[in-house]
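So the structure is just underneath, and the comments pick up after that.
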Amino acid sequence: MRKGRINNSEINNEDLSKGIEIANKYNTRKRIERDKRIKKDINKEERKIKPIIICLIWGIILILLFIFLYYAPLFGISINRSNGIDEDNKIDIVSTDSDIYESYCSDLLIYSNQKITTYNSRGKKNWEYELSSKFTPNIYIKNQFMIVSNNSNGKIYLFENKKEILNTKIDGEIDEIFIDENGNYVVEYSTSGYKKVLGVYSKKGKNLYNAYLSSNPIVNIKMIDNAKQLVVIQTNTSTFKSGITVSLINSASEENINEIATFDNNFIYDLTIQNRNIIMLLDDKIVKCNIDTKDVANIYTFDSSQVMFIGLSSNYYSLISKELKDNQENAYSLISNRLDNTNVSKNKITDSPKMFQNTSVLNYLIYQDSLQIINKWGVEVKNIKLDFPPKNIVIFNNGKTIALIYSNKIYNVII
């Protein structure tokens with residue numbers, strides 16, 4: 001019997017086709033598995049990223065809300081549109097002549113009867129400190145730092161954010177203390193050896209250096225470069241022209257004291273430091289004096305109008321004046337200018353206020369029967385009726401609250 005012969009090519013083609021089919025099925029299965037795995041990983045990553053995105057969105061919303069609530073009132077945008085006094089924000093007090101009212105840590109600070117107390121803008125007490133011994137304190141504040149001193153015996157208490165961080169004593173009777181935003185402080189005191197000593201200290205109480213001055217009274221001191229330099233304003237009575245002298249004390253200089261400028265027949269009422277320029281409010285002008293070059297330039301002179309009030313801020317000044325050429329009664333202007341003397345705004349107001357104060361970007365005008373708040377861009381932020389004017393005012397809460405202080409109560413007005 002003749003056996004049939006098998007064609008090797010047919011077997012090979014059949015095996016090859018099956019192999020290709022198996023390979024294709026395998027590749028397809030692997031691709032499906034890979035696609036599923038990739039999709040699963042993508043979904044997993046999306047599940048991880050989604051909460052992060054949501055948190056970022058909420059974070060941005062909260063930041064924008066904070067910025068709005070913080071800055072909007074300064075631009076005249078406020079949810080508190082009340083035109084009267086809010087009795088809910090009232091603080092009952094028993095006022096004496098020795099009481100002290102200040103702004104500290106965004107709150108209203110009151111010293112009375114050996115106790116220092118702070119209240120928030122809603123009139124709620126949130127901190128109290130009782131003096132350990134009986135004395136009439138001097139209180140000096142800069143941002144979150146506060147010094148309470150017994151000037152007669154040289155005792156000093158330093159607070160940061162309402163926490164006592166230093167309790168120290170100097171050898172001498174304190175005349176005045178000056179404090180900066182870093183907690184450094186300058187103590188002006190007298191000893192038997194020198195008539196006038198300036199001791200410069202860190203917030204830890206370390207004596208950084210001392211300076212010894214003439215006996216002329218010190219009007220003001222500003223610390224710059226983290227208290228490495230002092231701008232000192234003294235009265236000058238060396239000639240028949242009484243005036244002021246501006247000097248720079250440099251802790252790194254051998255000469256130590258360097259006179260910058262003198263102004264005859266003038267007194268200084270306020271000053272601020274902008275970069276290396278000293279901006280000073282004098283009797284008849286606002287001047288700019290460069291610390292390094294000693295160049296002096298007038299920013300504004302009071303010869304063209306009758307200035308009723310004027311106030312310096314960190315980057316602008318505001319004044320209320322009555323034009324001498326204006327024959328109309330009750331024709332006053334509120335003018336806000338930058339420190340380069342370019343005008344920001346000018347508003348006509350009907351009368352001269354009894355009190356005026358500017359801070360941050362707001363101007364506060366207290367009349368006989370009303371309180372008017374106008375920002376430096378000339379927008380009226382608030383205008384409320386008063387029964388009668390307060391005896392004192394304190395602006396706090398980063399400029400957004402004004403305390404109207406009467407003999408037996410305080411009203412907090414929130415803008």
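Every chain in the structure tokens takes a letter, A first, then B, and so on in the order presented; its residues are numbered from 1, and the ligands are numbered from 1 following the presented order.
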
>> With DSSP run on the backbone, what are the strand (DSSP E) residues within segment 91-146 of chain A? I'd like them as a VMD selection string.
In response: chain A and resid 91 to 92 100 to 104 107 to 112 115 to 119 125 to 130 138 to 142 145 to 146

Contact check, segment 192-224 of chain A to segment 183-188 of chain A, at most 8 Å, counting only C-alpha atoms, closest pairs as a tab-separated table:
residue	atom	partner	partner_atom	distance
A:Lys196	CA	A:Glu188	CA	7.0
A:Val197	CA	A:Glu188	CA	5.8
A:Leu198	CA	A:Glu188	CA	4.7
A:Gly199	CA	A:Val187	CA	5.1
A:Val200	CA	A:Val186	CA	4.5
A:Tyr201	CA	A:Tyr185	CA	5.4
A:Ser202	CA	A:Asn184	CA	4.5
A:Lys203	CA	A:Gly183	CA	4.8

Create the file for the chosen residues now, containing all heavy atoms and written as a PDB file, in the first residue's frame.
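Once written, selection34.pdb looks like this:
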ATOM      1  N   LYS A 196      22.588 113.828  79.301  1.00  0.00           N
ATOM      2  CA  LYS A 196      21.662 113.186  78.383  1.00  0.00           C
ATOM      3  C   LYS A 196      22.305 111.913  77.818  1.00  0.00           C
ATOM      4  O   LYS A 196      23.351 111.956  77.181  1.00  0.00           O
ATOM      5  CB  LYS A 196      21.318 114.132  77.233  1.00  0.00           C
ATOM      6  CG  LYS A 196      20.170 113.684  76.372  1.00  0.00           C
ATOM      7  CD  LYS A 196      18.813 113.925  77.022  1.00  0.00           C
ATOM      8  CE  LYS A 196      18.570 115.417  77.206  1.00  0.00           C
ATOM      9  NZ  LYS A 196      17.225 115.654  77.757  1.00  0.00           N
ATOM     10  N   VAL A 197      21.671 110.772  78.061  1.00  0.00           N
ATOM     11  CA  VAL A 197      22.178 109.484  77.579  1.00  0.00           C
ATOM     12  C   VAL A 197      21.078 108.804  76.767  1.00  0.00           C
ATOM     13  O   VAL A 197      19.916 108.779  77.165  1.00  0.00           O
ATOM     14  CB  VAL A 197      22.601 108.559  78.744  1.00  0.00           C
ATOM     15  CG1 VAL A 197      23.168 107.257  78.194  1.00  0.00           C
ATOM     16  CG2 VAL A 197      23.584 109.252  79.646  1.00  0.00           C
ATOM     17  N   LEU A 198      21.465 108.251  75.612  1.00  0.00           N
ATOM     18  CA  LEU A 198      20.567 107.414  74.829  1.00  0.00           C
ATOM     19  C   LEU A 198      21.097 105.990  74.873  1.00  0.00           C
ATOM     20  O   LEU A 198      22.186 105.697  74.368  1.00  0.00           O
ATOM     21  CB  LEU A 198      20.495 107.892  73.373  1.00  0.00           C
ATOM     22  CG  LEU A 198      19.868 109.258  73.103  1.00  0.00           C
ATOM     23  CD1 LEU A 198      19.839 109.529  71.604  1.00  0.00           C
ATOM     24  CD2 LEU A 198      18.477 109.353  73.690  1.00  0.00           C
ATOM     25  N   GLY A 199      20.349 105.111  75.499  1.00  0.00           N
ATOM     26  CA  GLY A 199      20.704 103.695  75.526  1.00  0.00           C
ATOM     27  C   GLY A 199      19.853 102.944  74.522  1.00  0.00           C
ATOM     28  O   GLY A 199      18.622 103.009  74.570  1.00  0.00           O
ATOM     29  N   VAL A 200      20.493 102.230  73.580  1.00  0.00           N
ATOM     30  CA  VAL A 200      19.783 101.497  72.539  1.00  0.00           C
ATOM     31  C   VAL A 200      19.809 100.014  72.898  1.00  0.00           C
ATOM     32  O   VAL A 200      20.881  99.444  73.147  1.00  0.00           O
ATOM     33  CB  VAL A 200      20.431 101.725  71.160  1.00  0.00           C
ATOM     34  CG1 VAL A 200      19.624 101.024  70.067  1.00  0.00           C
ATOM     35  CG2 VAL A 200      20.548 103.217  70.862  1.00  0.00           C
ATOM     36  N   TYR A 201      18.629  99.387  72.920  1.00  0.00           N
ATOM     37  CA  TYR A 201      18.491  98.009  73.391  1.00  0.00           C
ATOM     38  C   TYR A 201      17.721  97.172  72.374  1.00  0.00           C
ATOM     39  O   TYR A 201      16.835  97.671  71.668  1.00  0.00           O
ATOM     40  CB  TYR A 201      17.753  97.966  74.732  1.00  0.00           C
ATOM     41  CG  TYR A 201      18.446  98.719  75.848  1.00  0.00           C
ATOM     42  CD1 TYR A 201      18.242 100.084  76.018  1.00  0.00           C
ATOM     43  CD2 TYR A 201      19.307  98.060  76.730  1.00  0.00           C
ATOM     44  CE1 TYR A 201      18.874 100.784  77.042  1.00  0.00           C
ATOM     45  CE2 TYR A 201      19.940  98.749  77.755  1.00  0.00           C
ATOM     46  CZ  TYR A 201      19.727 100.107  77.900  1.00  0.00           C
ATOM     47  OH  TYR A 201      20.358 100.796  78.910  1.00  0.00           O
ATOM     48  N   SER A 202      18.048  95.873  72.329  1.00  0.00           N
ATOM     49  CA  SER A 202      17.260  94.929  71.537  1.00  0.00           C
ATOM     50  C   SER A 202      16.029  94.528  72.338  1.00  0.00           C
ATOM     51  O   SER A 202      15.910  94.831  73.529  1.00  0.00           O
ATOM     52  CB  SER A 202      18.087  93.695  71.205  1.00  0.00           C
ATOM     53  OG  SER A 202      18.306  92.915  72.376  1.00  0.00           O
ATOM     54  N   LYS A 203      15.129  93.794  71.698  1.00  0.00           N
ATOM     55  CA  LYS A 203      13.915  93.378  72.401  1.00  0.00           C
ATOM     56  C   LYS A 203      14.213  92.366  73.510  1.00  0.00           C
ATOM     57  O   LYS A 203      13.360  92.112  74.364  1.00  0.00           O
ATOM     58  CB  LYS A 203      12.885  92.814  71.425  1.00  0.00           C
ATOM     59  CG  LYS A 203      13.215  91.460  70.838  1.00  0.00           C
ATOM     60  CD  LYS A 203      12.058  90.959  69.978  1.00  0.00           C
ATOM     61  CE  LYS A 203      12.279  89.539  69.493  1.00  0.00           C
ATOM     62  NZ  LYS A 203      11.140  89.053  68.685  1.00  0.00           N
TER      63      LYS A 203
END

>> Residues near segment 332-340 of chain A, anyone? I mean within 9 Å using only C-alpha atoms, not counting same-chain ones fewer than 5 positions away, as a ChimeraX atom specification.
In response: /A:279,288,299,314-323,345-352,375-378

>> Neighbouring residues of Asn138 of chain A were defined as those with any atom within 12 Å, considering only C-alpha atoms; residues of the same chain fewer than 5 positions away were excluded. Please report them as a VMD selection string.
In response: chain A and resid 98 to 102 111 114 116 131 146 to 152 154 to 158 174 to 178

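As for atom CA of Lys228 of chain A and atom CA of Lys169 of chain A, they are spaced 22.1 Å apart.
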
>> For Thr118 of chain A, find every residue with an atom within 7 Å (counting only C-alpha atoms), except residues of its own chain fewer than 6 positions away, and show them as a ChimeraX atom specification.
In response: /A:107-110,125-128

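Candidate residues A:Ile278, A:Met355, A:Ile374, A:Val361 were compared for distance to Val394 of chain A, and the nearest is A:Met355, using only C-alpha atoms.
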